[in-house]
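Q: Sharing structure.pdb here; it has PDB, C-alpha atoms.
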MODEL        1
ATOM      1  CA  MET A   1      26.259 128.640 131.624
ATOM      2  CA  TYR A   2      24.990 127.363 128.313
ATOM      3  CA  VAL A   3      21.808 125.302 127.898
ATOM      4  CA  THR A   4      20.032 124.152 124.738
ATOM      5  CA  ILE A   5      16.505 125.520 124.371
ATOM      6  CA  ASN A   6      14.428 124.235 121.470
ATOM      7  CA  GLY A   7      17.669 123.306 119.728
ATOM      8  CA  ASN A   8      19.354 126.697 120.278
ATOM      9  CA  GLN A   9      22.357 127.242 122.542
ATOM     10  CA  THR A  10      21.410 129.929 125.043
ATOM     11  CA  GLU A  11      23.438 131.582 127.799
ATOM     12  CA  LEU A  12      21.747 131.808 131.198
ATOM     13  CA  ASP A  13      22.750 132.793 134.721
ATOM     14  CA  ASP A  14      23.896 129.828 136.825
ATOM     15  CA  ASP A  15      21.100 128.159 138.815
ATOM     16  CA  SER A  16      18.319 129.751 136.762
ATOM     17  CA  SER A  17      14.930 128.126 137.357
ATOM     18  CA  LEU A  18      12.505 127.151 134.593
ATOM     19  CA  GLN A  19      10.287 130.001 135.732
ATOM     20  CA  GLN A  20      13.159 132.460 135.327
ATOM     21  CA  LEU A  21      13.922 131.000 131.917
ATOM     22  CA  LEU A  22      10.334 131.609 130.792
ATOM     23  CA  GLN A  23      10.458 135.166 132.108
ATOM     24  CA  HIS A  24      13.750 135.696 130.258
ATOM     25  CA  LEU A  25      12.159 134.398 127.029
ATOM     26  CA  LYS A  26       8.920 136.354 127.680
ATOM     27  CA  ILE A  27       6.840 133.187 127.419
ATOM     28  CA  GLY A  28       3.681 132.879 129.524
ATOM     29  CA  GLU A  29       3.313 129.697 131.574
ATOM     30  CA  GLY A  30      -0.307 129.068 130.638
ATOM     31  CA  ARG A  31      -0.240 127.444 127.217
ATOM     32  CA  ILE A  32       3.037 125.570 127.088
ATOM     33  CA  ALA A  33       4.612 122.314 128.217
ATOM     34  CA  ILE A  34       8.271 121.746 129.066
ATOM     35  CA  GLU A  35      10.552 118.752 128.740
ATOM     36  CA  LEU A  36      13.903 118.884 130.551
ATOM     37  CA  ASN A  37      16.401 116.302 129.275
ATOM     38  CA  GLY A  38      13.498 114.192 128.010
ATOM     39  CA  GLU A  39      11.408 114.374 131.207
ATOM     40  CA  ILE A  40       8.213 116.398 131.377
ATOM     41  CA  ILE A  41       8.286 118.953 134.180
ATOM     42  CA  PRO A  42       4.838 119.773 135.641
ATOM     43  CA  ARG A  43       3.909 123.452 135.657
ATOM     44  CA  SER A  44       3.769 123.366 139.458
ATOM     45  CA  GLN A  45       7.529 122.694 139.537
ATOM     46  CA  PHE A  46       8.685 125.488 137.203
ATOM     47  CA  GLN A  47       9.668 127.648 140.149
ATOM     48  CA  GLN A  48      11.823 125.142 142.020
ATOM     49  CA  GLN A  49      13.265 123.282 139.011
ATOM     50  CA  LEU A  50      16.786 124.641 138.490
ATOM     51  CA  LEU A  51      18.768 124.284 135.264
ATOM     52  CA  SER A  52      22.319 122.981 134.955
ATOM     53  CA  LYS A  53      25.006 123.458 132.337
ATOM     54  CA  GLY A  54      24.288 121.483 129.177
ATOM     55  CA  ASP A  55      20.607 120.849 129.932
ATOM     56  CA  ARG A  56      18.316 120.288 126.979
ATOM     57  CA  VAL A  57      14.979 122.086 127.288
ATOM     58  CA  GLU A  58      12.036 121.714 124.922
ATOM     59  CA  ILE A  59       9.184 124.225 125.211
ATOM     60  CA  VAL A  60       6.123 123.401 123.114
ATOM     61  CA  GLN A  61       2.726 124.903 122.383
ATOM     62  CA  ALA A  62      -0.402 124.025 120.419
ATOM     63  CA  ILE A  63      -0.491 125.361 116.866
ATOM     64  CA  GLY A  64      -2.724 124.835 113.851
ATOM     65  CA  GLY A  65      -2.754 121.277 112.522
ATOM     66  CA  GLY A  66      -5.019 118.628 111.065
TER      67      GLY A  66
ATOM     68  CA  MET B   1     -41.679 114.450 109.541
ATOM     69  CA  ASN B   2     -40.787 111.779 112.035
ATOM     70  CA  GLU B   3     -37.139 112.085 112.822
ATOM     71  CA  VAL B   4     -35.372 108.778 113.139
ATOM     72  CA  ALA B   5     -33.910 108.402 116.590
ATOM     73  CA  ASP B   6     -30.139 108.582 116.287
ATOM     74  CA  LYS B   7     -27.723 107.660 118.994
ATOM     75  CA  PRO B   8     -25.366 110.580 119.579
ATOM     76  CA  LEU B   9     -21.656 110.316 118.931
ATOM     77  CA  ASP B  10     -19.927 109.329 122.153
ATOM     78  CA  ILE B  11     -16.191 109.935 122.438
ATOM     79  CA  ALA B  12     -14.535 109.088 125.751
ATOM     80  CA  GLY B  13     -17.777 109.538 127.680
ATOM     81  CA  ILE B  14     -18.701 112.894 126.137
ATOM     82  CA  THR B  15     -21.710 113.159 123.839
ATOM     83  CA  TYR B  16     -21.384 115.267 120.710
ATOM     84  CA  ARG B  17     -24.220 116.623 118.569
ATOM     85  CA  SER B  18     -21.936 117.135 115.583
ATOM     86  CA  ARG B  19     -20.332 114.246 113.726
ATOM     87  CA  LEU B  20     -17.863 116.557 112.026
ATOM     88  CA  ILE B  21     -14.356 117.096 113.406
ATOM     89  CA  ILE B  22     -12.223 119.781 111.819
ATOM     90  CA  GLY B  23      -8.560 120.756 111.882
ATOM     91  CA  SER B  24      -6.799 124.046 112.564
ATOM     92  CA  GLY B  25      -4.018 123.839 109.953
ATOM     93  CA  LYS B  26      -3.560 125.893 106.767
ATOM     94  CA  TYR B  27      -6.005 128.679 107.670
ATOM     95  CA  LYS B  28      -5.175 132.291 106.790
ATOM     96  CA  ASP B  29      -5.403 133.251 110.471
ATOM     97  CA  PHE B  30      -6.994 132.183 113.759
ATOM     98  CA  GLN B  31     -10.098 134.297 113.087
ATOM     99  CA  GLU B  32     -10.850 132.514 109.811
ATOM    100  CA  ASN B  33     -10.312 129.195 111.576
ATOM    101  CA  LEU B  34     -12.705 130.191 114.354
ATOM    102  CA  ALA B  35     -15.342 131.382 111.870
ATOM    103  CA  ALA B  36     -15.094 128.070 109.977
ATOM    104  CA  LEU B  37     -15.303 126.156 113.250
ATOM    105  CA  GLU B  38     -18.413 128.020 114.386
ATOM    106  CA  THR B  39     -20.094 127.615 111.006
ATOM    107  CA  SER B  40     -19.207 123.924 110.707
ATOM    108  CA  GLY B  41     -20.937 123.103 113.991
ATOM    109  CA  ALA B  42     -17.955 120.935 114.917
ATOM    110  CA  GLU B  43     -17.303 120.548 118.628
ATOM    111  CA  ILE B  44     -13.914 118.858 118.338
ATOM    112  CA  ILE B  45     -10.887 120.493 116.690
ATOM    113  CA  THR B  46      -7.421 119.061 116.124
ATOM    114  CA  VAL B  47      -4.198 120.914 116.941
ATOM    115  CA  ALA B  48      -0.507 120.123 116.442
ATOM    116  CA  ILE B  49       2.217 120.325 119.113
ATOM    117  CA  ARG B  50       5.339 122.232 118.110
ATOM    118  CA  ARG B  51       8.242 124.167 119.581
ATOM    119  CA  VAL B  52       7.495 127.698 120.793
ATOM    120  CA  ASN B  53       9.159 130.354 118.629
ATOM    121  CA  LEU B  54      11.953 131.894 120.641
ATOM    122  CA  GLY B  55      12.904 135.523 120.507
ATOM    123  CA  GLN B  56      10.588 136.536 117.715
ATOM    124  CA  ASN B  57       6.928 137.371 118.318
ATOM    125  CA  SER B  58       6.984 135.673 121.701
ATOM    126  CA  ASP B  59       3.910 137.706 122.648
ATOM    127  CA  GLU B  60       1.874 136.726 119.547
ATOM    128  CA  PRO B  61      -1.589 135.295 120.279
ATOM    129  CA  ASN B  62      -1.853 131.612 121.015
ATOM    130  CA  LEU B  63      -4.280 129.392 119.099
ATOM    131  CA  LEU B  64      -5.871 128.279 122.370
ATOM    132  CA  GLU B  65      -6.647 131.880 123.277
ATOM    133  CA  VAL B  66      -8.789 132.167 120.136
ATOM    134  CA  ILE B  67     -10.204 128.636 120.101
ATOM    135  CA  SER B  68     -10.893 128.012 123.756
ATOM    136  CA  PRO B  69     -10.593 124.590 125.396
ATOM    137  CA  ASP B  70     -13.523 125.725 127.571
ATOM    138  CA  THR B  71     -15.814 125.834 124.529
ATOM    139  CA  TYR B  72     -14.366 123.138 122.262
ATOM    140  CA  THR B  73     -12.798 119.736 122.737
ATOM    141  CA  ILE B  74      -9.163 120.153 121.718
ATOM    142  CA  LEU B  75      -7.770 117.066 119.995
ATOM    143  CA  PRO B  76      -3.964 117.231 119.931
ATOM    144  CA  ASN B  77      -2.425 115.193 117.116
ATOM    145  CA  THR B  78       0.938 113.551 116.596
ATOM    146  CA  ALA B  79       1.302 114.785 113.018
ATOM    147  CA  GLY B  80       4.878 114.727 111.815
ATOM    148  CA  CYS B  81       5.832 111.721 113.971
ATOM    149  CA  TYR B  82       7.450 108.796 112.159
ATOM    150  CA  THR B  83       8.143 106.591 115.187
ATOM    151  CA  ALA B  84       6.027 105.274 118.049
ATOM    152  CA  GLU B  85       8.483 106.871 120.473
ATOM    153  CA  ASP B  86       8.047 110.378 119.039
ATOM    154  CA  ALA B  87       4.257 109.967 118.967
ATOM    155  CA  VAL B  88       4.098 108.874 122.616
ATOM    156  CA  ARG B  89       6.388 111.743 123.632
ATOM    157  CA  THR B  90       4.184 114.220 121.738
ATOM    158  CA  CYS B  91       1.032 112.923 123.440
ATOM    159  CA  ARG B  92       2.607 113.261 126.872
ATOM    160  CA  MET B  93       3.606 116.858 126.114
ATOM    161  CA  ALA B  94       0.062 117.539 124.877
ATOM    162  CA  ARG B  95      -1.447 116.117 128.053
ATOM    163  CA  GLU B  96       0.757 118.380 130.166
ATOM    164  CA  LEU B  97       0.000 121.370 127.950
ATOM    165  CA  LEU B  98      -3.756 120.804 128.250
ATOM    166  CA  ASN B  99      -3.746 120.226 132.023
ATOM    167  CA  GLY B 100      -4.179 116.463 132.045
ATOM    168  CA  HIS B 101      -6.495 116.186 129.018
ATOM    169  CA  LYS B 102      -6.316 112.517 127.936
ATOM    170  CA  LEU B 103      -7.859 112.597 124.462
ATOM    171  CA  VAL B 104      -5.354 112.422 121.592
ATOM    172  CA  LYS B 105      -5.296 111.759 117.875
ATOM    173  CA  LEU B 106      -2.511 109.271 117.236
ATOM    174  CA  GLU B 107      -0.921 109.229 113.818
ATOM    175  CA  VAL B 108       2.430 107.683 113.001
ATOM    176  CA  LEU B 109       3.457 108.361 109.432
ATOM    177  CA  GLY B 110       5.547 106.110 107.265
ATOM    178  CA  ASP B 111       6.337 108.012 104.091
ATOM    179  CA  GLN B 112       6.844 111.702 103.421
ATOM    180  CA  LYS B 113       5.362 111.669  99.942
ATOM    181  CA  THR B 114       2.098 109.868 100.668
ATOM    182  CA  LEU B 115       1.915 110.524 104.437
ATOM    183  CA  TYR B 116       0.651 106.970 104.566
ATOM    184  CA  PRO B 117       0.461 105.640 108.141
ATOM    185  CA  ASN B 118       3.098 103.252 109.462
ATOM    186  CA  VAL B 119       0.649 100.797 110.983
ATOM    187  CA  THR B 120       3.148  98.676 112.911
ATOM    188  CA  GLU B 121       4.526 101.744 114.721
ATOM    189  CA  THR B 122       0.938 102.969 115.167
ATOM    190  CA  VAL B 123      -0.045  99.749 116.971
ATOM    191  CA  LEU B 124       3.043  99.977 119.213
ATOM    192  CA  ALA B 125       2.307 103.595 120.103
ATOM    193  CA  ALA B 126      -1.370 102.832 120.726
ATOM    194  CA  GLU B 127      -0.480 100.032 123.161
ATOM    195  CA  THR B 128       1.799 102.328 125.165
ATOM    196  CA  LEU B 129      -0.662 105.223 125.185
ATOM    197  CA  VAL B 130      -3.625 103.087 126.253
ATOM    198  CA  GLN B 131      -1.546 101.648 129.118
ATOM    199  CA  ASP B 132      -0.591 105.185 130.050
ATOM    200  CA  GLY B 133      -4.278 106.135 130.407
ATOM    201  CA  PHE B 134      -4.802 108.065 127.168
ATOM    202  CA  ASP B 135      -8.053 108.017 125.208
ATOM    203  CA  VAL B 136      -6.677 107.279 121.756
ATOM    204  CA  MET B 137      -8.401 108.172 118.498
ATOM    205  CA  VAL B 138      -6.189 106.552 115.922
ATOM    206  CA  TYR B 139      -5.513 107.451 112.297
ATOM    207  CA  THR B 140      -4.827 104.378 110.187
ATOM    208  CA  SER B 141      -4.995 102.853 106.729
ATOM    209  CA  ASP B 142      -8.249 101.388 105.434
ATOM    210  CA  ASP B 143      -7.054  97.846 106.213
ATOM    211  CA  PRO B 144      -9.880  96.106 108.140
ATOM    212  CA  LEU B 145      -7.490  93.827 110.036
ATOM    213  CA  ILE B 146      -5.369  96.682 111.339
ATOM    214  CA  ALA B 147      -8.497  98.652 112.218
ATOM    215  CA  LYS B 148      -9.742  95.723 114.312
ATOM    216  CA  ARG B 149      -6.325  95.276 115.915
ATOM    217  CA  LEU B 150      -6.283  98.941 116.979
ATOM    218  CA  GLU B 151      -9.726  98.515 118.514
ATOM    219  CA  GLU B 152      -8.540  95.413 120.402
ATOM    220  CA  VAL B 153      -5.530  97.326 121.699
ATOM    221  CA  GLY B 154      -7.988  99.726 123.339
ATOM    222  CA  CYS B 155      -8.301 102.707 121.009
ATOM    223  CA  ILE B 156     -11.610 104.498 121.598
ATOM    224  CA  ALA B 157     -12.107 105.446 117.936
ATOM    225  CA  VAL B 158     -10.551 104.133 114.744
ATOM    226  CA  MET B 159     -10.034 106.634 111.926
ATOM    227  CA  PRO B 160      -9.239 105.093 108.541
ATOM    228  CA  LEU B 161      -8.174 107.322 105.669
ATOM    229  CA  GLY B 162     -10.450 107.860 102.691
ATOM    230  CA  ALA B 163      -7.412 108.930 100.642
ATOM    231  CA  PRO B 164      -3.985 110.402 101.501
ATOM    232  CA  ILE B 165      -3.870 113.395 103.889
ATOM    233  CA  GLY B 166      -4.524 116.668 102.076
ATOM    234  CA  SER B 167      -5.135 114.928  98.736
ATOM    235  CA  GLY B 168      -8.842 115.710  98.435
ATOM    236  CA  LEU B 169      -9.302 112.522  96.426
ATOM    237  CA  GLY B 170     -12.407 111.398  98.311
ATOM    238  CA  ILE B 171     -13.373 107.975  99.639
ATOM    239  CA  ARG B 172     -11.278 105.775  97.355
ATOM    240  CA  ASN B 173     -12.213 102.418  98.803
ATOM    241  CA  PRO B 174     -15.743 102.480 100.203
ATOM    242  CA  TYR B 175     -15.824  98.674 100.351
ATOM    243  CA  ASN B 176     -12.912  98.595 102.792
ATOM    244  CA  ILE B 177     -14.623 101.240 104.929
ATOM    245  CA  ARG B 178     -17.705  99.005 104.924
ATOM    246  CA  LEU B 179     -15.642  96.007 106.035
ATOM    247  CA  ILE B 180     -14.157  98.081 108.854
ATOM    248  CA  LEU B 181     -17.636  99.251 109.909
ATOM    249  CA  GLU B 182     -19.044  95.727 109.866
ATOM    250  CA  ASN B 183     -16.519  94.508 112.440
ATOM    251  CA  ALA B 184     -16.309  97.628 114.603
ATOM    252  CA  SER B 185     -17.592  98.187 118.104
ATOM    253  CA  VAL B 186     -15.964 101.609 118.524
ATOM    254  CA  PRO B 187     -16.741 104.751 116.486
ATOM    255  CA  ILE B 188     -15.285 104.695 112.968
ATOM    256  CA  ILE B 189     -14.408 108.162 111.697
ATOM    257  CA  VAL B 190     -13.072 108.751 108.193
ATOM    258  CA  ASP B 191      -9.966 110.892 108.600
ATOM    259  CA  ALA B 192      -8.225 112.350 105.545
ATOM    260  CA  GLY B 193      -9.090 112.382 101.890
ATOM    261  CA  VAL B 194     -12.307 114.393 101.866
ATOM    262  CA  GLY B 195     -12.158 117.044  99.137
ATOM    263  CA  THR B 196     -15.685 118.353  98.885
ATOM    264  CA  ALA B 197     -19.132 117.990 100.442
ATOM    265  CA  SER B 198     -20.200 114.863  98.544
ATOM    266  CA  ASP B 199     -17.124 113.002  99.860
ATOM    267  CA  ALA B 200     -18.259 113.682 103.425
ATOM    268  CA  SER B 201     -21.768 112.519 102.567
ATOM    269  CA  ILE B 202     -20.423 109.300 101.049
ATOM    270  CA  ALA B 203     -18.509 108.530 104.234
ATOM    271  CA  MET B 204     -21.608 109.135 106.342
ATOM    272  CA  GLU B 205     -23.903 107.193 103.997
ATOM    273  CA  LEU B 206     -21.620 104.190 104.440
ATOM    274  CA  GLY B 207     -22.465 104.330 108.151
ATOM    275  CA  CYS B 208     -19.368 106.007 109.529
ATOM    276  CA  ASP B 209     -19.812 107.644 112.914
ATOM    277  CA  GLY B 210     -18.104 110.837 111.840
ATOM    278  CA  VAL B 211     -15.712 112.569 109.462
ATOM    279  CA  LEU B 212     -12.495 114.440 110.263
ATOM    280  CA  MET B 213     -11.190 116.956 107.746
ATOM    281  CA  ASN B 214      -8.792 119.880 107.552
ATOM    282  CA  THR B 215      -7.632 120.801 104.057
ATOM    283  CA  ALA B 216     -11.051 120.430 102.404
ATOM    284  CA  ILE B 217     -12.268 123.425 104.419
ATOM    285  CA  ALA B 218      -9.034 125.377 104.967
ATOM    286  CA  GLU B 219      -7.964 125.258 101.325
ATOM    287  CA  ALA B 220     -11.387 126.037  99.827
ATOM    288  CA  LYS B 221     -11.573 129.428  98.129
ATOM    289  CA  GLN B 222     -14.126 130.395 100.774
ATOM    290  CA  PRO B 223     -13.375 128.286 103.857
ATOM    291  CA  VAL B 224     -16.345 129.476 105.918
ATOM    292  CA  LEU B 225     -18.799 128.674 103.121
ATOM    293  CA  MET B 226     -17.214 125.243 102.713
ATOM    294  CA  ALA B 227     -17.532 124.713 106.464
ATOM    295  CA  SER B 228     -21.256 125.319 106.077
ATOM    296  CA  ALA B 229     -21.406 122.865 103.170
ATOM    297  CA  MET B 230     -19.584 120.241 105.215
ATOM    298  CA  ARG B 231     -21.950 120.611 108.152
ATOM    299  CA  LYS B 232     -24.897 119.946 105.850
ATOM    300  CA  ALA B 233     -23.116 117.134 103.998
ATOM    301  CA  VAL B 234     -22.317 115.267 107.204
ATOM    302  CA  GLU B 235     -25.869 115.749 108.510
ATOM    303  CA  SER B 236     -27.537 114.717 105.256
ATOM    304  CA  GLY B 237     -25.231 111.746 104.794
ATOM    305  CA  ARG B 238     -26.082 110.592 108.317
ATOM    306  CA  GLU B 239     -29.812 110.999 107.709
ATOM    307  CA  ALA B 240     -29.569 109.103 104.418
ATOM    308  CA  PHE B 241     -27.749 106.274 106.218
ATOM    309  CA  LEU B 242     -30.432 106.136 108.914
ATOM    310  CA  ALA B 243     -33.216 106.360 106.336
ATOM    311  CA  GLY B 244     -31.789 103.365 104.456
ATOM    312  CA  ARG B 245     -31.205 103.792 100.746
ATOM    313  CA  MET B 246     -33.262 102.041  98.046
ATOM    314  CA  PRO B 247     -31.745  99.025  96.354
ATOM    315  CA  ARG B 248     -29.694  99.518  93.205
ATOM    316  CA  ARG B 249     -31.302  98.049  90.079
ATOM    317  CA  LEU B 250     -29.807  97.558  86.667
ATOM    318  CA  TYR B 251     -33.073  98.405  84.899
ATOM    319  CA  ALA B 252     -35.718 101.072  85.363
ATOM    320  CA  SER B 253     -38.649 100.814  87.754
ATOM    321  CA  ALA B 254     -41.488 103.179  86.758
ATOM    322  CA  SER B 255     -42.477 105.692  89.409
ATOM    323  CA  SER B 256     -45.934 106.358  87.893
ATOM    324  CA  PRO B 257     -48.502 103.525  87.906
ATOM    325  CA  ILE B 258     -49.275 101.633  84.675
ATOM    326  CA  ASP B 259     -52.945 101.208  85.685
ATOM    327  CA  GLY B 260     -55.312 103.968  84.567
ATOM    328  CA  THR B 261     -53.413 105.026  81.473
ATOM    329  CA  PHE B 262     -55.911 106.248  78.817
ATOM    330  CA  PHE B 263     -53.715 105.923  75.744
TER     331      PHE B 263
ENDMDL
END
Show me the file's structure as structure tokens.
A:
Amino acid sequence: MYVTINGNQTELDDDSSLQQLLQHLKIGEGRIAIELNGEIIPRSQFQQQLLSKGDRVEIVQAIGGG
Amino acid sequence: MNEVADKPLDIAGITYRSRLIIGSGKYKDFQENLAALETSGAEIITVAIRRVNLGQNSDEPNLLEVISPDTYTILPNTAGCYTAEDAVRTCRMARELLNGHKLVKLEVLGDQKTLYPNVTETVLAAETLVQDGFDVMVYTSDDPLIAKRLEEVGCIAVMPLGAPIGSGLGIRNPYNIRLILENASVPIIVDAGVGTASDASIAMELGCDGVLMNTAIAEAKQPVLMASAMRKAVESGREAFLAGRMPRRLYASASSPIDGTFF
């Protein structure tokens, strides 16, 4: 299935969880936040939150800024 | 020397020794940023919230691994937001990212060329964020009425610009900053416009509670040395404010006595 991650179309296995997505992208869970279709998903739910076709995922981090 | 008792800067119930807040943008690398931070004495540092880079360098170090939230107060900003909605969304992501941390720097911009704040969207965003439990430090214009309005909405600090972001033009309207200070009952922190040490001193001499700067340090030829200059400028400006400056006079007033002259 295809989902949109940070604006990019990405192919994932059906029923992938957010945790599996992060592992696939090699992103650690510690210093990020995730929005799924506009809703923030708490870190504690990354494991059970499954993705569906067409989902929009935003993964953000803190970077340098003023 | 008798030091004048100064009340410490209180932001959201935390007391800070330093009245300088610095940014983390435009530095050569995290190490230079950290060195400037340590030298500046600042205890609060701003960060931006952006998409993670996918695919490339996904294992590169994270800013928060170099500048630790355990040592410093991280102040996430809403830089780049042009609507209240985007700013609120950014703050909520920041709160999640920082494990429930409620302190944010709200800025809603209105124009790409001047980066001047859109104050109507800023007020809307501030209202929503305060209701949502955030401690909002708000970037705004130097309009005293808007500054007061943002305080009334519940912002914990109001941060008027001295000049446009990254311009280094200094404190262009000290009289407006004075008007804002006169009516304020929350900390007033000049945010944006400082170009060099004397600008920071001017802000502090006016009676501001603090100064926030990024480019003035990051874009100096020697950022760490400028960070040192800024620490001293903020401290000396504060001391000069507390000491109370002499009155301005149009004509001279001799410093040596007239009595006892022998000529």
Q: Mind listing whatever residues come within 10 Å of the point (18.1, 126.2, 119.9)? Use all atoms listed in the file, file coordinates, and give them as a list of chain:residue names.
A: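 Every polymer residue passing the test: A:Val3, A:Thr4, A:Ile5, A:Asn6, A:Gly7, A:Asn8, A:Gln9, A:Thr10, A:Arg56, A:Val57, A:Glu58, B:Asn53, B:Leu54.
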Q: Just want the 10 Å neighbourhood of Ala240 (chain B), counted on all atoms listed in the file, with same-chain residues fewer than 4 positions away dropped. Output as a PyMOL selection string.
A: chain B and resi 201-202+204-207+234-236+244-245
Q: With a cut-off of 6 Å and counting only C-alpha atoms, select all residues of chain B in contact with chain A and give the selection as an MDAnalysis selection string.
A: chainID B and resid 23:25 46:52 63 93 96:97 214
Q: One decimal, Å: what's the distance from CA of Ala216 (chain B) over to CA of Leu64 (chain B), could you say?
A: 22.1 Å
Q: Starting from the PyMOL selection byres ((chain B and resi 102) around 12), expand the selection into actual residues of this file and give them as a ChimeraX atom specification.
A: /B:11-13,73-77,91-101,103-106,129-137,156
Q: Taking the file as shown, what set of residues would the PyMOL selection byres ((chain B and resi 171) around 9) give back, as a PDB file with C-alpha atoms, in the coordinates of the input?
A:
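As a result, out35.pdb now contains:
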ATOM      1  CA  LEU B 161      -8.174 107.322 105.669  1.00  0.00           C
ATOM      2  CA  GLY B 162     -10.450 107.860 102.691  1.00  0.00           C
ATOM      3  CA  ALA B 163      -7.412 108.930 100.642  1.00  0.00           C
ATOM      4  CA  LEU B 169      -9.302 112.522  96.426  1.00  0.00           C
ATOM      5  CA  GLY B 170     -12.407 111.398  98.311  1.00  0.00           C
ATOM      6  CA  ARG B 172     -11.278 105.775  97.355  1.00  0.00           C
ATOM      7  CA  ASN B 173     -12.213 102.418  98.803  1.00  0.00           C
ATOM      8  CA  PRO B 174     -15.743 102.480 100.203  1.00  0.00           C
ATOM      9  CA  ILE B 177     -14.623 101.240 104.929  1.00  0.00           C
ATOM     10  CA  VAL B 190     -13.072 108.751 108.193  1.00  0.00           C
ATOM     11  CA  ALA B 192      -8.225 112.350 105.545  1.00  0.00           C
ATOM     12  CA  GLY B 193      -9.090 112.382 101.890  1.00  0.00           C
ATOM     13  CA  VAL B 194     -12.307 114.393 101.866  1.00  0.00           C
ATOM     14  CA  ASP B 199     -17.124 113.002  99.860  1.00  0.00           C
ATOM     15  CA  ALA B 200     -18.259 113.682 103.425  1.00  0.00           C
ATOM     16  CA  ILE B 202     -20.423 109.300 101.049  1.00  0.00           C
ATOM     17  CA  ALA B 203     -18.509 108.530 104.234  1.00  0.00           C
TER      18      ALA B 203
END
Q: Using Å and a single decimal, report how far CA of Tyr175 (chain B) sits from CA of Gln112 (chain B).
A: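 About the pair CA of Gln112 (chain B) and CA of Tyr175 (chain B): they are 26.3 Å apart.
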Q: Would you list the contacts of Ala126 (chain B) as a PyMOL selection string, taking every protein, DNA or RNA residue within 8 Å and counting only C-alpha atoms, but skipping same-chain residues closer than 6 positions in sequence?
A: chain B and resi 106+136+138+150+153-155
Q: Report the distance between CA of Thr39 (chain B) and CA of Cys208 (chain B) in Å, rounded to one decimal place.
A: 21.7 Å
Q: Can you tell me which residues surround Lys53 (chain A) at a distance of at most 9 Å, considering all atoms listed in the file, apart from same-chain residues fewer than 2 positions away, and format the answer as a list in words?
A: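 Everything that qualifies: Met1, Tyr2, Val3, Asp14, Asp15, Leu51 and Asp55 of chain A.
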Q: So that all listed atoms of region 30-43 of chain B fit with 5 Å spare on each side, what axis-aligned box centre and edge lengths in Å, to one decimal, would you give as lines of an AutoDock Vina configuration file?
A:
center_x = -14.0
center_y = 127.4
center_z = 114.2
size_x = 23.9
size_y = 23.7
size_z = 18.8
